[in-house]
Amino acid sequence: MKRWLLAVIAFSLVTSGCSRYKGISEPTEKDNKTEESQQSTEESEQSTEAEAGKLPVEVSAKPGKKPVKVKGIYISGYMAGSEGLQAILDKIQGTEINTVVIDVKNDDGRITFAMTDAPTVNEIGATEKYIKDIDSLMAQLKARGLYTIARVVAFRDPYLAEKKPEWALKNKDGSLHRDNKGLAWVNPYRTEVWDYLVEVGTEASKAGFDEVQFDYIRFSTDSSMKQVVFDEKDTRGRSKTDIITEFIQYAYDKLSSRNVFVSADVFGTIIGSKVDAEAVGQIYQEMACHLDYICPMIYPSHYGDGNFGIDHPDMEPYRTIRAALKLSRQDLESARVAGKQQAIVRPWLQDFTAAYLEHHITYGAKEVRAQIQAVYDAGYDEWILWSASNRYTWDSFLSREAAKEEAEKLARLRETEVTSSVPAEVSTEVPTQVSAEVPAEVQPVGKEERTEKSLEGSTAAETEQETKKENKNKTRSKPDVVIVTTGGLRD
């Protein structure tokens with residue numbers, strides 16, 4: 001009897017993973033999900049050898065799915081369904097780019113291709129057929145050997161909020177909450193929204209996407225959020241960070257069983273900033289415990305003057321990216337549990353010029369390549385470039401042959417890192433014909449560089465008038481902007 005009890009205790013400790021948060025217990029349905037999660041964890045442990053102090057390990061290979069070291073670009077749903085896509089694919093041909101991230105559920109809440117087995121999508125008429133023939137598109141992408149990621153915008157969904165107001169954020173007077181752009185958001189506490197997002201992700205996997213990537217898995221942060229009320233029967237005592245983590249667990253359990261990888265985009269500034277983390281609901285280490293990939297948006301333009309000890313981060317892309325990723329490593333290493341999977345870090349990098357900043361530079365091949373080099377020098381291997389307009393600096397990319405040589409060099413260096421636990425620099429020079437001045441040394445990210453206040457700027461000053469008032473005393477770290485599928489910036 002004692003042996004049996006000890007075995008149960010030991011099993012409980014193993015299956016608890018690295019999560020410090022446990023969702024509120026549900027009836028039978030929740031118990032079934034837990035069993036599925038435990039089975040997934042056991043399978044993960046058989047193919048993973050994560051040890052404290054080592055570099056991030058590879059995600060556990062799913063049956064029939066081989067992890068890819070992603071070098072990718074974003075393509076809007078509109079572009080994916082237009083004649084312009086062919087020009088992009090032709091540009092990709094022969095380069096190191098091996099991945100495309102395509103809108104499946106865009107920033108307007110619209111589904112970009114017809115989904116036959118998606119009851120809620122069809123009930124509310126969410127489809128806007130930017131992509132007329134998804135089967136033909138996927139066949140073309142696969143024929144070119146491209147890894148495909150379905151971008152699914154989550155809780156900023158003005159379309160769903162208008163069609164299902166009972167699932168939306170509500171103000172004290174019962175009206176729909178709208179941010180300072182007039183957009184309604186859905187309520188992350190409503191499990192019906194979770195199921196809707198899983199429905200969309202499931203259809204993306206059926207269409208042939210290799211990975212489902214959630215974006216905007218957070219709460220709105222504009223000043224009007226103070227008017228929002230949350231029903232206790234929905235929250236049940238759970239904080240914003242609790243519910244975002246619980247959603248990630250839920251979505252991962254549902255989708256990973258479909259033999260598809262699951263990832264999530266997060267604010268880069270939640271790393272090391274408690275204010276940002278609590279405001280948006282994203283706890284970096286917690287989310288990394290329940291994903292295959294975690295994708296921090298660490299665009300240099302998103303960091304305010306002085307962050308990481310850098311006067312104007314947008315003007316020093318190499319130093320900014322490397323410092324942000326060093327901070328990422330510190331945070332994840334502190335939360336690592338031996339033998340447990342932790343998401344691979346795959347950052348979003350900047351391929352646009354932040355002309356709205358007082359102190360900025362024009363981003364071209366040199367600046368893009370400097371960011372990529374910083375990723376490698378920080379000990380990571382994967383990256384995705386963001387350009388809302390889908391205009392990329394193609395001469396910043398290596399040829400496939402040059403990229404293969406670089407990958408072999410990286411592999412040798414990574415072997416050294418595993419034994420030394422210290423990331424080795426690939427090079428202090430950008431490995432292309434592009435001339436770039438890349439600093440050989442970057443100041444380490446220490447405790448003194450972790451800001452006490454939000455790196456994103458005041459979450460209570462999102463309106464233009466309030467922003468202008470604050471700008472008399474300091475420079476905002478990022479603008480008030482809304483991304484659209486045909487251009488603009490992502491916040």
# chains A, B, ... in the order shown; residues from 1 in each chain; ligands from 1
call {"tool": "closest_atom_pairs", "arguments": {"of": "region 244-315 of chain A", "to": "region 225-235 of chain A", "cutoff": "12 Å", "atoms": "only C-alpha atoms", "output": "Markdown table"}}
result
| residue | atom | partner | partner_atom | distance |
| --- | --- | --- | --- | --- |
| A:Ile244 | CA | A:Thr235 | CA | 11.6 |
| A:Glu246 | CA | A:Thr235 | CA | 11.8 |
| A:Ala279 | CA | A:Met225 | CA | 10.2 |
| A:Val280 | CA | A:Met225 | CA | 11.1 |
call {"tool": "select_by_dssp", "arguments": {"residues": "region 142-315 of chain A", "states": "alpha helix (DSSP H)", "output": "PyMOL selection string"}}
result
chain A and resi 142-143+158-163+191-207+232-235+240-256+274-280+284-288
call {"tool": "closest_atom_pairs", "arguments": {"of": "region 324-393 of chain A", "to": "region 79-95 of chain A", "cutoff": "9 Å", "atoms": "only C-alpha atoms", "output": "tab-separated table"}}
result
residue	atom	partner	partner_atom	distance
A:Ser389	CA	A:Met79	CA	8.9
A:Asn390	CA	A:Met79	CA	7.8
A:Arg391	CA	A:Ile88	CA	8.9
call {"tool": "residues_around", "arguments": {"residues": "Gln249 (chain A)", "least_positions_apart": "5", "cutoff": "9 Å", "atoms": "only C-alpha atoms", "output": "PyMOL selection string"}}
result
chain A and resi 37+244+254+287+289-291
call {"tool": "select_by_dssp", "arguments": {"residues": "region 247-376 of chain A", "states": "strand (DSSP E)", "output": "ChimeraX atom specification"}}
result
/A:261-267,293-297,344-345,348-350
